[in-house]
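Data block for model-v5.cif (mmCIF, C-alpha atoms):
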data_final
#
loop_
_atom_site.label_atom_id
_atom_site.label_comp_id
_atom_site.auth_asym_id
_atom_site.auth_seq_id
_atom_site.Cartn_x
_atom_site.Cartn_y
_atom_site.Cartn_z
CA MET A 1 68.92 130.96 155.03
CA THR A 2 66.08 132.29 152.89
CA GLN A 3 66.06 135.78 151.39
CA GLY A 4 63.37 136.92 153.83
CA GLN A 5 65.36 135.59 156.78
CA ARG A 6 68.48 137.36 155.54
CA GLU A 7 66.57 140.64 155.19
CA LEU A 8 65.11 140.40 158.70
CA TYR A 9 68.48 139.37 160.17
CA ASP A 10 70.23 142.30 158.46
CA TYR A 11 67.52 144.67 159.76
CA TRP A 12 67.92 143.19 163.28
CA LEU A 13 71.72 143.71 163.10
CA GLN A 14 71.34 147.26 161.86
CA THR A 15 68.79 148.06 164.56
CA ALA A 16 71.01 146.59 167.29
CA GLY A 17 73.92 148.81 166.28
CA SER A 18 76.73 148.30 168.79
CA ARG A 19 74.44 146.50 171.27
CA SER A 20 74.24 142.71 171.42
CA MET A 21 70.55 142.85 170.45
CA PRO A 22 67.86 145.47 169.85
CA ALA A 23 64.82 146.12 172.02
CA ARG A 24 61.29 145.52 170.79
CA SER A 25 60.80 149.29 170.83
CA ASP A 26 63.63 149.60 168.28
CA ILE A 27 61.83 147.39 165.75
CA ASN A 28 59.59 149.22 163.29
CA PRO A 29 57.40 146.72 161.38
CA PHE A 30 56.89 149.28 158.61
CA SER A 31 60.63 149.03 157.84
CA VAL A 32 60.12 145.45 156.58
CA PRO A 33 56.49 145.38 155.37
CA LYS A 34 56.84 142.58 152.83
CA LEU A 35 58.21 140.26 155.54
CA LEU A 36 55.33 140.75 157.99
CA PRO A 37 53.17 137.77 156.89
CA CYS A 38 55.97 135.40 158.04
CA VAL A 39 56.93 137.30 161.20
CA GLY A 40 56.01 136.30 164.73
CA LEU A 41 56.84 137.73 168.13
CA ILE A 42 57.17 135.51 171.20
CA ASP A 43 56.73 137.27 174.54
CA LEU A 44 59.03 135.94 177.29
CA THR A 45 58.27 138.54 179.96
CA GLU A 46 56.60 135.89 182.15
CA GLY A 47 59.41 133.38 181.49
CA LEU A 48 59.85 130.56 178.98
CA GLY A 49 57.22 128.39 180.68
CA GLU A 50 54.56 131.04 180.06
CA ALA A 51 55.88 132.27 176.70
CA ARG A 52 53.27 133.02 174.08
CA PHE A 53 52.96 134.39 170.59
CA ARG A 54 52.19 138.05 171.05
CA LEU A 55 51.58 138.32 167.33
CA ALA A 56 51.82 136.07 164.29
CA GLY A 57 51.75 137.01 160.61
CA THR A 58 49.00 135.74 158.34
CA ARG A 59 51.14 133.07 156.65
CA LEU A 60 51.93 131.47 160.01
CA ARG A 61 48.33 130.26 160.16
CA ASP A 62 49.08 128.12 157.10
CA VAL A 63 52.35 126.85 158.56
CA TYR A 64 50.93 125.86 161.96
CA GLY A 65 47.40 124.99 160.82
CA GLU A 66 45.70 127.45 163.18
CA GLU A 67 45.80 131.02 164.40
CA ILE A 68 48.65 131.15 166.93
CA THR A 69 48.46 134.78 168.08
CA GLY A 70 47.95 134.70 171.85
CA LYS A 71 48.73 130.98 172.19
CA ARG A 72 51.39 129.67 174.52
CA ILE A 73 54.36 128.25 172.65
CA ASP A 74 54.06 124.89 174.45
CA ARG A 75 50.59 124.58 172.88
CA VAL A 76 51.82 125.49 169.39
CA PHE A 77 54.96 123.34 169.55
CA ALA A 78 53.55 120.15 171.09
CA GLY A 79 53.97 116.48 170.30
CA ALA A 80 57.10 115.10 168.67
CA CYS A 81 58.61 118.58 168.15
CA ALA A 82 58.08 119.93 171.65
CA ASP A 83 61.60 119.20 172.91
CA TYR A 84 63.19 120.50 169.72
CA TRP A 85 61.41 123.86 169.97
CA HIS A 86 61.87 124.15 173.73
CA ASP A 87 65.63 123.73 173.25
CA ILE A 88 65.71 126.33 170.46
CA HIS A 89 63.73 128.95 172.38
CA ALA A 90 65.63 128.27 175.63
CA ARG A 91 68.95 128.74 173.86
CA VAL A 92 67.90 132.03 172.29
CA ALA A 93 66.58 133.24 175.67
CA GLU A 94 69.58 132.12 177.72
CA GLU A 95 72.39 133.04 175.34
CA GLY A 96 70.86 135.98 173.51
CA SER A 97 72.04 134.36 170.28
CA PRO A 98 70.19 134.30 166.98
CA LEU A 99 69.39 130.84 165.64
CA HIS A 100 68.11 129.53 162.34
CA GLY A 101 67.41 126.13 160.89
CA VAL A 102 65.17 123.83 158.89
CA VAL A 103 62.72 121.27 160.24
CA ARG A 104 60.10 119.02 158.74
CA GLY A 105 56.83 118.85 160.64
CA PRO A 106 57.11 122.03 162.73
CA ALA A 107 53.99 121.24 164.78
CA ARG A 108 51.58 118.39 165.45
CA GLY A 109 49.79 117.29 162.28
CA ARG A 110 52.02 119.41 160.04
CA ASP A 111 54.49 116.72 158.90
CA HIS A 112 53.94 117.70 155.24
CA ILE A 113 55.57 121.11 155.91
CA VAL A 114 59.27 121.91 155.62
CA LEU A 115 59.90 124.99 157.73
CA PHE A 116 62.81 127.40 157.39
CA TRP A 117 62.86 129.24 160.71
CA LEU A 118 64.77 132.13 162.27
CA ARG A 119 64.77 133.26 165.92
CA LEU A 120 66.21 136.66 166.91
CA PRO A 121 66.48 137.80 170.54
CA LEU A 122 65.17 141.17 171.71
CA SER A 123 65.90 142.83 175.05
CA GLN A 124 64.54 146.01 176.56
CA ASP A 125 67.39 146.28 179.09
CA GLY A 126 70.10 145.05 176.71
CA MET A 127 70.85 141.95 178.80
CA LYS A 128 67.82 139.76 179.48
CA VAL A 129 65.94 138.44 176.43
CA ASP A 130 62.28 139.38 176.87
CA ARG A 131 61.02 138.68 173.34
CA ILE A 132 61.98 136.57 170.36
CA LEU A 133 61.44 137.88 166.85
CA CYS A 134 60.61 135.00 164.49
CA TYR A 135 60.58 134.50 160.74
CA ASP A 136 59.06 131.21 159.57
CA THR A 137 58.53 130.26 155.96
CA ALA A 138 57.40 126.95 154.50
CA ALA A 139 58.71 125.11 151.45
CA ALA A 140 57.77 122.01 149.52
CA PRO A 141 58.12 118.70 151.40
CA ILE A 142 61.44 116.86 151.44
CA GLU A 143 62.20 113.16 151.38
CA PRO A 144 61.50 111.41 154.70
CA ALA A 145 64.43 111.35 157.12
CA ARG A 146 66.24 108.11 157.81
CA GLN A 147 65.62 106.53 161.18
CA GLY A 148 67.98 107.96 163.81
CA ASP A 149 69.16 110.83 161.62
CA GLU A 150 70.04 113.31 164.38
CA ARG A 151 72.47 116.18 163.95
CA ALA A 152 74.12 118.36 166.57
CA LEU A 153 74.00 122.14 166.73
CA HIS A 154 76.72 123.64 164.53
CA PRO A 155 77.92 127.24 164.37
CA ARG A 156 77.61 129.31 161.22
CA SER A 157 79.13 132.72 160.89
CA ALA A 158 77.21 135.76 159.76
CA PRO A 159 78.36 139.34 159.20
CA GLN A 160 79.29 141.23 162.39
CA ARG A 161 78.01 138.51 164.68
CA GLN A 162 77.85 134.78 164.97
CA MET A 163 74.57 133.07 164.19
CA TRP A 164 73.94 129.49 165.17
CA THR A 165 72.25 127.02 162.89
CA ALA A 166 70.23 124.35 164.63
CA ARG A 167 70.26 121.06 162.84
CA ARG A 168 68.46 118.18 164.36
CA ARG A 169 65.90 115.80 162.99
CA ALA A 170 64.84 116.57 159.48
CA GLN A 171 61.38 115.49 160.64
CA CYS A 172 59.82 116.11 164.04
CA ALA A 173 56.34 114.77 163.42
#

What do you get writing this file as structure tokens?
Amino acid sequence: MTQGQRELYDYWLQTAGSRSMPARSDINPFSVPKLLPCVGLIDLTEGLGEARFRLAGTRLRDVYGEEITGKRIDRVFAGACADYWHDIHARVAEEGSPLHGVVRGPARGRDHIVLFWLRLPLSQDGMKVDRILCYDTAAAPIEPARQGDERALHPRSAPQRQMWTARRRAQCA
């Protein structure tokens, strides 16, 4: 987990308090201003099939190669990574669990990018996830993955709550 991810996760935990997750209205972007360029917000109010980026920080344009604010997530995460991202977002939405991981080639045509990602559920009613708070940051490329190098999802513990780390292909694209 990167320092920025840890800071956003700690803020998310603090904001949730005794609840399983905070609401979007609990999140104050001015509480974490230096993280905002890497922050995104996925709106799930119309369901996962219609989910879209409600907002995306300025650095996400570099990660995904285009402005993604307002775009449906199935348009951003298309091609070889589509199933990977669908599974991640579905799990966050269904279980209300935070997830984080690392993937090479986060979107079509971006195979030179190594992405450290974090997904944090938000819920207005405290039960149904209606938004996903994201923190995505890119790093230098890694060595190409070996053919068939697939890894299962493994749990990792985090303070006060369990966070799941998604490990799958080191390269989607």

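Of the residues under consideration (A:Pro106, A:Arg131, A:Ile113, A:Gln5), A:Pro106 shows the shortest atom-to-atom contact distance to Asp83 (chain A) when counting only C-alpha atoms.
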
Could you tell me which residues the PyMOL selection byres ((chain A and resi 43) around 6) returns for this structure, as number ranges by chain? A: 42, 44-45, 51-52, 54, 131

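When CA of Ile88 (chain A) is paired with CA of Val39 (chain A), their separation reads 16.8 Å.
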
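Run against this file, the PyMOL selection byres ((chain A and resi 114-118) around 8) gives back Met1, Thr2, Gln5, Val63, Pro98, Leu99, His100, Gly101, Val102, Val103, Arg104, Gly105, Pro106, Asp111, His112, Ile113, Arg119, Leu120, Cys134, Tyr135, Asp136, Thr137, Ala138, Ala139, Ala140, Pro141 and Ile142 of chain A.
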
If you count all atoms listed in the file, the residue of A:Gly57, A:His89, A:Lys128, A:Pro121 closest to Leu13 (chain A) turns out to be A:Pro121

Apply the PyMOL selection byres ((chain A and resi 16) around 12) to the displayed file and report the matching residues as an MDAnalysis selection string. chainID A and resid 9:15 17:27 120:124 126 160:161

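With all atoms listed in the file as the atoms that count, the residue of A:Ala56, A:Ile132, A:Ala90, A:Val76 with the shortest distance to Cys38 (chain A) is A:Ala56.
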
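The two atoms in question, CA of Gly96 (chain A) and CA of Met127 (chain A), are spaced 8.0 Å apart.
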
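The coordinates place CA of Val129 (chain A) at 18.9 Å from CA of Gly70 (chain A).
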
Could you give me, as a PyMOL selection string, the residues within 12 Å of His86 (chain A), counting only C-alpha atoms and dropping anything in the same chain fewer than 3 positions from it? chain A and resi 48-51+72-83+89-94
